[in-house]
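*Asks:* For reference, the file work_7.cif (mmCIF, C-alpha atoms and all ligand atoms) is included below:
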data_start
#
loop_
_atom_site.label_atom_id
_atom_site.label_comp_id
_atom_site.auth_asym_id
_atom_site.auth_seq_id
_atom_site.Cartn_x
_atom_site.Cartn_y
_atom_site.Cartn_z
CA MET A 1 353.02 73.97 86.22
CA SER A 2 349.40 73.39 85.21
CA THR A 3 347.47 70.19 85.99
CA TYR A 4 345.39 68.39 83.37
CA ILE A 5 343.21 65.41 84.24
CA ILE A 6 341.22 63.53 81.59
CA LEU A 7 338.12 61.55 82.53
CA LEU A 8 337.73 58.63 80.17
CA GLY A 9 334.87 56.13 79.98
CA PRO A 10 331.72 55.12 78.09
CA PRO A 11 328.53 57.22 77.89
CA GLY A 12 326.80 57.20 81.28
CA ALA A 13 329.79 55.90 83.26
CA GLY A 14 329.71 59.00 85.47
CA LYS A 15 332.47 61.15 83.95
CA GLY A 16 330.45 64.36 84.14
CA THR A 17 329.25 63.65 87.68
CA GLN A 18 332.79 63.03 88.92
CA ALA A 19 334.30 65.90 86.88
CA GLU A 20 331.89 68.34 88.57
CA ILE A 21 332.98 67.14 92.04
CA LEU A 22 336.67 67.01 91.11
CA ALA A 23 336.54 70.56 89.75
CA GLN A 24 335.11 71.80 93.07
CA THR A 25 337.75 69.89 95.05
CA THR A 26 340.75 70.88 92.94
CA LYS A 27 339.50 74.38 91.90
CA LEU A 28 340.37 73.48 88.31
CA SER A 29 337.93 74.31 85.51
CA HIS A 30 335.61 71.53 84.30
CA ILE A 31 335.74 71.40 80.51
CA SER A 32 333.08 69.12 79.01
CA SER A 33 333.17 68.85 75.21
CA GLY A 34 329.54 67.63 75.21
CA ASP A 35 328.40 70.64 77.29
CA LEU A 36 330.31 73.03 74.99
CA PHE A 37 328.56 71.53 71.95
CA ARG A 38 325.16 71.70 73.71
CA GLU A 39 325.80 75.36 74.61
CA ASN A 40 326.53 76.10 70.95
CA ILE A 41 323.34 74.30 69.88
CA GLN A 42 321.31 76.31 72.39
CA ASN A 43 322.91 79.57 71.18
CA GLN A 44 322.25 78.54 67.56
CA THR A 45 325.84 79.09 66.43
CA GLU A 46 327.28 77.63 63.22
CA LEU A 47 329.35 75.19 65.33
CA GLY A 48 326.16 74.16 67.14
CA ARG A 49 324.36 73.53 63.85
CA LEU A 50 327.20 71.34 62.58
CA ALA A 51 327.64 69.50 65.90
CA LYS A 52 323.92 68.73 66.18
CA SER A 53 323.95 66.84 62.88
CA TYR A 54 326.47 64.39 64.38
CA MET A 55 325.16 64.29 67.95
CA ASP A 56 321.56 63.50 66.99
CA LYS A 57 322.83 60.37 65.25
CA GLY A 58 325.06 59.36 68.17
CA GLU A 59 328.19 59.94 66.10
CA LEU A 60 331.32 61.84 67.02
CA VAL A 61 331.66 65.44 65.85
CA SER A 62 334.60 65.76 63.44
CA ASP A 63 338.06 65.94 64.96
CA ASP A 64 338.81 69.34 63.35
CA LEU A 65 335.77 71.08 64.83
CA THR A 66 336.25 69.45 68.24
CA ILE A 67 339.97 70.20 68.50
CA ALA A 68 339.48 73.86 67.50
CA MET A 69 336.72 74.27 70.11
CA ILE A 70 338.85 72.73 72.89
CA ARG A 71 341.95 74.75 71.94
CA ASP A 72 339.90 77.93 72.20
CA ARG A 73 338.43 76.89 75.56
CA LEU A 74 341.75 75.82 77.11
CA SER A 75 343.36 79.12 76.04
CA ARG A 76 341.08 81.09 78.36
CA ALA A 77 342.26 82.58 81.63
CA ASP A 78 340.26 80.21 83.86
CA CYS A 79 342.35 77.29 82.52
CA LYS A 80 345.74 78.81 83.30
CA ASP A 81 346.26 76.35 86.18
CA GLY A 82 344.96 73.41 84.12
CA ALA A 83 341.60 71.67 83.69
CA ILE A 84 339.48 68.58 84.24
CA LEU A 85 338.70 67.34 80.73
CA ASP A 86 335.44 65.41 80.40
CA GLY A 87 334.66 63.82 77.00
CA PHE A 88 337.85 65.00 75.29
CA PRO A 89 339.94 63.46 73.81
CA ARG A 90 337.84 60.74 72.22
CA THR A 91 340.03 59.60 69.31
CA PRO A 92 343.79 59.00 68.98
CA ILE A 93 344.01 62.08 66.69
CA GLN A 94 342.44 64.23 69.42
CA ALA A 95 344.81 62.74 72.00
CA ASP A 96 347.89 63.53 69.86
CA GLU A 97 346.63 67.07 69.28
CA LEU A 98 345.97 67.54 72.98
CA GLU A 99 349.52 66.48 73.81
CA GLN A 100 350.89 69.16 71.44
CA MET A 101 348.45 71.78 72.70
CA LEU A 102 349.37 71.20 76.33
CA ALA A 103 353.08 71.34 75.51
CA GLU A 104 352.43 74.80 74.04
CA PHE A 105 350.59 75.80 77.23
CA GLY A 106 353.50 74.48 79.32
CA GLY A 107 351.72 71.39 80.64
CA GLN A 108 351.02 67.72 79.99
CA VAL A 109 348.37 65.11 80.70
CA ASP A 110 348.90 64.24 84.37
CA ALA A 111 346.38 61.42 84.92
CA VAL A 112 343.57 59.65 83.09
CA PRO A 113 340.96 58.13 85.41
CA TYR A 114 339.06 55.53 83.36
CA VAL A 115 335.57 55.04 84.81
CA THR A 116 333.97 51.74 83.87
CA ALA A 117 330.47 50.20 84.14
CA ALA A 118 328.58 47.35 82.46
CA GLU A 119 326.43 48.15 79.42
CA SER A 120 323.09 47.48 81.18
CA ILE A 121 324.03 50.04 83.84
CA LEU A 122 325.06 52.63 81.25
CA ILE A 123 321.66 52.27 79.56
CA GLU A 124 319.79 52.65 82.86
CA ARG A 125 321.85 55.72 83.80
CA THR A 126 321.51 57.56 80.49
CA GLY A 127 317.80 56.66 80.31
CA GLY A 128 317.07 58.35 83.67
CA ARG A 129 319.41 61.32 83.39
CA TRP A 130 318.24 64.92 83.78
CA SER A 131 320.62 67.83 83.03
CA CYS A 132 320.31 71.45 84.03
CA ARG A 133 319.78 74.01 81.30
CA ALA A 134 322.02 76.73 82.78
CA GLN A 135 325.21 74.91 83.75
CA GLY A 136 324.82 71.21 82.94
CA HIS A 137 324.48 69.98 86.55
CA ILE A 138 323.58 66.29 86.44
CA TYR A 139 320.73 64.35 88.13
CA HIS A 140 319.13 60.94 87.82
CA LYS A 141 315.45 60.25 88.42
CA LYS A 142 316.29 57.23 90.62
CA PHE A 143 319.93 57.52 91.75
CA SER A 144 320.24 61.26 92.44
CA PRO A 145 316.89 63.02 92.04
CA PRO A 146 316.62 66.81 92.47
CA LYS A 147 314.78 68.08 95.57
CA GLN A 148 312.06 69.53 93.35
CA GLU A 149 311.12 67.69 90.16
CA GLY A 150 312.33 69.43 87.00
CA ILE A 151 314.36 72.13 88.85
CA CYS A 152 318.13 72.24 89.44
CA ASP A 153 318.99 72.29 93.18
CA ILE A 154 322.06 74.43 92.54
CA ASP A 155 320.94 77.22 90.20
CA GLY A 156 317.14 76.80 89.98
CA SER A 157 317.16 76.36 86.21
CA GLU A 158 315.00 73.93 84.24
CA LEU A 159 316.07 70.28 83.98
CA PHE A 160 315.85 68.59 80.57
CA GLN A 161 316.44 65.16 79.05
CA ARG A 162 319.15 65.08 76.39
CA ASP A 163 317.99 64.29 72.83
CA ASP A 164 320.83 61.77 72.46
CA ASP A 165 319.74 59.79 75.57
CA LYS A 166 317.01 57.95 73.61
CA GLU A 167 317.68 54.23 73.87
CA GLU A 168 318.52 53.73 70.16
CA THR A 169 320.91 56.70 70.14
CA VAL A 170 322.62 55.46 73.32
CA ALA A 171 323.13 52.06 71.64
CA LYS A 172 324.82 53.86 68.71
CA ARG A 173 326.94 56.00 71.07
CA LEU A 174 328.12 52.85 72.81
CA ARG A 175 329.17 51.25 69.48
CA VAL A 176 331.00 54.44 68.52
CA TYR A 177 332.68 54.48 71.93
CA PHE A 178 333.95 50.90 71.52
CA ASP A 179 335.19 51.54 67.95
CA ARG A 180 336.73 54.97 68.26
CA THR A 181 337.45 55.82 71.91
CA MET A 182 338.43 52.47 73.47
CA PRO A 183 341.89 52.63 71.76
CA LEU A 184 342.66 55.53 74.14
CA VAL A 185 342.63 53.10 77.08
CA GLU A 186 345.80 51.46 75.71
CA TYR A 187 347.14 54.82 74.51
CA TYR A 188 347.18 56.19 78.06
CA ARG A 189 348.04 52.86 79.72
CA LYS A 190 351.24 52.71 77.64
CA ARG A 191 352.09 56.21 78.82
CA GLY A 192 351.59 55.20 82.46
CA LYS A 193 348.71 57.66 82.95
CA LEU A 194 345.67 55.34 83.18
CA ILE A 195 343.89 54.83 86.53
CA GLU A 196 341.04 52.28 86.43
CA ILE A 197 338.05 53.23 88.57
CA ASN A 198 335.03 51.00 89.17
CA GLY A 199 332.06 53.26 88.32
CA VAL A 200 329.48 50.81 89.71
CA GLN A 201 329.49 52.13 93.25
CA PRO A 202 327.70 55.01 94.93
CA VAL A 203 328.86 58.40 93.61
CA GLU A 204 330.63 59.25 96.92
CA GLN A 205 332.60 55.98 96.84
CA VAL A 206 333.68 56.55 93.23
CA THR A 207 334.88 60.05 94.22
CA LYS A 208 336.77 58.65 97.22
CA GLU A 209 338.62 56.10 95.05
CA LEU A 210 339.31 58.74 92.43
CA LEU A 211 340.80 61.22 94.90
CA THR A 212 342.89 58.52 96.61
CA ALA A 213 344.27 57.34 93.25
CA LEU A 214 345.02 60.91 92.11
CA LYS A 215 346.93 61.69 95.32
CA LYS A 216 349.31 58.83 94.54
P1 LIG B 1 329.02 63.83 76.03
O1 LIG B 1 328.10 64.84 76.54
O2 LIG B 1 330.47 63.91 76.36
O3 LIG B 1 328.44 62.40 76.42
P2 LIG B 1 329.17 61.00 76.80
O4 LIG B 1 330.64 60.96 76.76
O5 LIG B 1 328.50 60.05 75.91
O6 LIG B 1 328.96 60.85 78.26
P3 LIG B 1 327.69 61.16 79.07
O7 LIG B 1 327.58 62.63 79.31
O8 LIG B 1 326.51 60.48 78.43
O9 LIG B 1 327.96 60.35 80.40
P4 LIG B 1 328.87 60.61 81.66
O10 LIG B 1 329.92 59.57 81.71
O11 LIG B 1 329.32 62.03 81.74
O12 LIG B 1 327.83 60.28 82.80
P5 LIG B 1 327.06 61.24 83.84
O13 LIG B 1 327.99 61.71 84.88
O14 LIG B 1 326.24 62.25 83.11
O15 LIG B 1 328.94 63.76 74.44
C1 LIG B 1 327.73 63.84 73.76
C2 LIG B 1 327.99 63.88 72.26
O16 LIG B 1 328.78 65.04 71.93
C3 LIG B 1 328.79 62.71 71.68
O17 LIG B 1 327.97 61.61 71.37
C4 LIG B 1 329.40 63.36 70.41
O18 LIG B 1 328.46 63.45 69.38
C5 LIG B 1 329.72 64.76 70.89
N1 LIG B 1 331.08 64.86 71.45
C6 LIG B 1 331.42 65.16 72.74
N2 LIG B 1 332.74 65.16 72.89
C7 LIG B 1 333.28 64.84 71.68
C8 LIG B 1 334.61 64.65 71.22
N3 LIG B 1 335.66 64.80 72.02
N4 LIG B 1 334.78 64.34 69.91
C9 LIG B 1 333.73 64.22 69.07
N5 LIG B 1 332.45 64.36 69.46
C10 LIG B 1 332.22 64.67 70.75
O19 LIG B 1 326.10 60.14 84.52
C11 LIG B 1 325.06 59.53 83.79
C12 LIG B 1 323.83 59.34 84.70
O20 LIG B 1 324.17 58.42 85.73
C13 LIG B 1 323.39 60.63 85.42
O21 LIG B 1 322.00 60.65 85.50
C14 LIG B 1 324.02 60.52 86.84
O22 LIG B 1 323.25 61.19 87.80
C15 LIG B 1 324.05 59.01 87.05
N6 LIG B 1 325.22 58.56 87.81
C16 LIG B 1 326.51 58.98 87.68
N7 LIG B 1 327.32 58.30 88.52
C17 LIG B 1 326.53 57.42 89.19
C18 LIG B 1 326.78 56.42 90.20
N8 LIG B 1 328.00 56.20 90.67
N9 LIG B 1 325.72 55.71 90.65
C19 LIG B 1 324.46 55.92 90.15
N10 LIG B 1 324.17 56.86 89.22
C20 LIG B 1 325.19 57.60 88.72
#
Could you render the structure as structure tokens?
*Replies:*
Amino acid sequence: MSTYIILLGPPGAGKGTQAEILAQTTKLSHISSGDLFRENIQNQTELGRLAKSYMDKGELVSDDLTIAMIRDRLSRADCKDGAILDGFPRTPIQADELEQMLAEFGGQVDAVPYVTAAESILIERTGGRWSCRAQGHIYHKKFSPPKQEGICDIDGSELFQRDDDKEETVAKRLRVYFDRTMPLVEYYRKRGKLIEINGVQPVEQVTKELLTALKK
């Protein structure tokens, strides 16, 4: 039986940071919808062109495009044992589609850690974030700086600031999160899958709570 864990939470809560660690610990693949879109933008694909028009405005990419991309990604061999999903699903339609998809793959959503943080913290975190060009490793200029400025500790690639981390775009992303993604908190709570995690703690402490909760 495969294992599927969904990390839910607002922009900047620390989903990507924790997903990276969880993937190493569990040996499951880390599937980030945002990273997949950014990869497509970098490779100048048609999907990337379409996704960019939404992302630059802080809006969600359409459900159809997003679902097709995730279906394709989860069908690959490295997801045969399951995956850590980061940033997907983000709407009730995506969540329903995921349920069907996983049933086809012989699995189900096992747990949904919901990482929370106050708005002022989310703004500070997104404002200081640096991401690595090659594999999306995540840093923060104050909270987790790289050893050498502008260079990823893990793969040596260039670090960049995301276009959608500008303050006005983050404000829009937060509004979109509250309108369109927050309903998933109740969606998964009703199904008994939601695990609330306080994201306002050092990264290691968040990981510790996450792993303890998942073991239960
Ligand atoms: P996406 O890339 O998924 O962005 P997001 O969900 O808005 O989340 P972030 O990546 O901003 O934050 P995070 O929670 O992962 O935080 P992180 O760990 O990096 O999506 C981008 C866009 O793509 C969307 O706006 C949309 O347009 C599109 N998209 C993606 N998925 C979609 C979908 N399913 N449907 C439709 N459209 C979709 O941490 C943030 C910073 O804080 C980092 O600098 C980190 O180092 C630091 N940090 C993390 N944890 C801590 C801690 N505990 N203490 C101190 N600092 C910390």
*Asks:* What do you get as number ranges by chain if you pick all residues at most 7 Å from ligand LIG 1 (chain B), counting all atoms listed in the file?
*Replies:* A: 9-18, 32-35, 37, 54-55, 58-63, 66, 86-90, 125-126, 128-130, 138-140, 143-144, 173, 199-203, 206
*Asks:* Just want the 12 Å neighbourhood of region 74-80 of chain A, counted on all atoms listed in the file, with same-chain residues fewer than 4 positions away dropped. Output as an MDAnalysis selection string.
*Replies:* chainID A and resid 1:4 23 27:33 36 67:70 84:85 88 98 101:102 104:107
*Asks:* Find the residue from A:Pro113, A:Pro92, A:Gly127, A:Gly136 that sits nearest to Cys152 (chain A); use all atoms listed in the file when measuring.
*Replies:* A:Gly136
*Asks:* Which is closer to Ile151 (chain A) than all the others in A:Lys166, A:Arg133, A:Arg175, A:Glu97, using only C-alpha atoms?
*Replies:*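 Among the listed residues, A:Arg133 lies closest to Ile151 (chain A).
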*Asks:* By how many Å are CA of Ser131 (chain A) and CA of Glu20 (chain A) apart?
*Replies:* 12.6 Å
*Asks:* Between A:Val115, A:Ala134, A:Ile195, A:Gly82, single out the one closest to Gln42 (chain A), counting all atoms listed in the file.
*Replies:* A:Ala134
*Asks:* What's the separation between CA of Gln108 (chain A) and CA of Pro183 (chain A), in Å to one decimal place?
*Replies:* 19.5 Å
*Asks:* For the atom pair CA of Arg189 (chain A) and CA of Ile93 (chain A), what is the interatomic distance in Å to one decimal place?
*Replies:* 16.5 Å
*Asks:* Since fewer atoms than expected are present, regenerate all heavy atoms for region 125-136 of chain A and write them as a short mmCIF file (atom, residue, chain, number, x, y, z; two decimals), in the coordinates of the input.
*Replies:*
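Below is the file that was written, out15.cif:
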data_model
loop_
_atom_site.label_atom_id
_atom_site.label_comp_id
_atom_site.auth_asym_id
_atom_site.auth_seq_id
_atom_site.Cartn_x
_atom_site.Cartn_y
_atom_site.Cartn_z
N ARG A 125 321.44 54.38 83.36
CA ARG A 125 321.85 55.72 83.80
C ARG A 125 321.51 56.80 82.78
O ARG A 125 320.99 57.85 83.14
CB ARG A 125 323.35 55.73 84.08
CG ARG A 125 323.69 55.00 85.37
CD ARG A 125 325.13 55.22 85.70
NE ARG A 125 325.52 54.48 86.88
CZ ARG A 125 326.77 54.36 87.28
NH1 ARG A 125 327.73 54.93 86.60
NH2 ARG A 125 327.06 53.69 88.37
N THR A 126 321.80 56.54 81.50
CA THR A 126 321.51 57.56 80.49
C THR A 126 319.99 57.73 80.34
O THR A 126 319.50 58.84 80.17
CB THR A 126 322.15 57.22 79.12
OG1 THR A 126 321.88 55.84 78.84
CG2 THR A 126 323.64 57.42 79.14
N GLY A 127 319.26 56.62 80.45
CA GLY A 127 317.80 56.66 80.31
C GLY A 127 317.11 57.50 81.38
O GLY A 127 316.05 58.08 81.13
N GLY A 128 317.72 57.60 82.58
CA GLY A 128 317.07 58.35 83.67
C GLY A 128 317.73 59.68 83.98
O GLY A 128 317.44 60.31 84.98
N ARG A 129 318.65 60.08 83.10
CA ARG A 129 319.41 61.32 83.39
C ARG A 129 318.59 62.59 83.12
O ARG A 129 317.87 62.68 82.15
CB ARG A 129 320.67 61.36 82.54
CG ARG A 129 321.38 62.72 82.60
CD ARG A 129 322.71 62.74 81.97
NE ARG A 129 322.79 62.02 80.72
CZ ARG A 129 323.92 61.55 80.22
NH1 ARG A 129 325.05 61.72 80.87
NH2 ARG A 129 323.92 60.93 79.06
N TRP A 130 318.77 63.56 83.98
CA TRP A 130 318.24 64.92 83.78
C TRP A 130 319.42 65.88 83.90
O TRP A 130 320.25 65.72 84.80
CB TRP A 130 317.20 65.26 84.85
CG TRP A 130 315.91 64.52 84.65
CD1 TRP A 130 315.58 63.29 85.13
CD2 TRP A 130 314.79 64.96 83.87
NE1 TRP A 130 314.33 62.92 84.72
CE2 TRP A 130 313.81 63.94 83.95
CE3 TRP A 130 314.50 66.10 83.14
CZ2 TRP A 130 312.59 64.03 83.30
CZ3 TRP A 130 313.28 66.20 82.50
CH2 TRP A 130 312.34 65.19 82.59
N SER A 131 319.51 66.86 83.00
CA SER A 131 320.62 67.83 83.03
C SER A 131 320.06 69.23 83.18
O SER A 131 318.96 69.52 82.69
CB SER A 131 321.41 67.78 81.73
OG SER A 131 321.82 66.48 81.45
N CYS A 132 320.82 70.09 83.82
CA CYS A 132 320.31 71.45 84.03
C CYS A 132 320.65 72.35 82.86
O CYS A 132 321.72 72.24 82.27
CB CYS A 132 320.78 71.99 85.38
SG CYS A 132 321.93 73.33 85.36
N ARG A 133 319.70 73.17 82.48
CA ARG A 133 319.78 74.01 81.30
C ARG A 133 320.90 75.05 81.44
O ARG A 133 321.63 75.32 80.50
CB ARG A 133 318.42 74.70 81.13
CG ARG A 133 318.17 75.38 79.83
CD ARG A 133 317.99 74.47 78.65
NE ARG A 133 316.70 73.84 78.53
CZ ARG A 133 316.42 72.92 77.59
NH1 ARG A 133 317.34 72.52 76.73
NH2 ARG A 133 315.23 72.37 77.51
N ALA A 134 321.08 75.61 82.63
CA ALA A 134 322.02 76.73 82.78
C ALA A 134 323.48 76.27 82.79
O ALA A 134 324.30 76.84 82.08
CB ALA A 134 321.70 77.51 84.05
N GLN A 135 323.79 75.24 83.59
CA GLN A 135 325.21 74.91 83.75
C GLN A 135 325.53 73.42 83.61
O GLN A 135 326.64 72.99 83.92
CB GLN A 135 325.70 75.39 85.12
CG GLN A 135 325.60 76.90 85.28
CD GLN A 135 326.10 77.35 86.63
OE1 GLN A 135 327.29 77.26 86.91
NE2 GLN A 135 325.19 77.79 87.48
N GLY A 136 324.55 72.63 83.18
CA GLY A 136 324.82 71.21 82.94
C GLY A 136 324.93 70.35 84.19
O GLY A 136 325.45 69.24 84.11
#
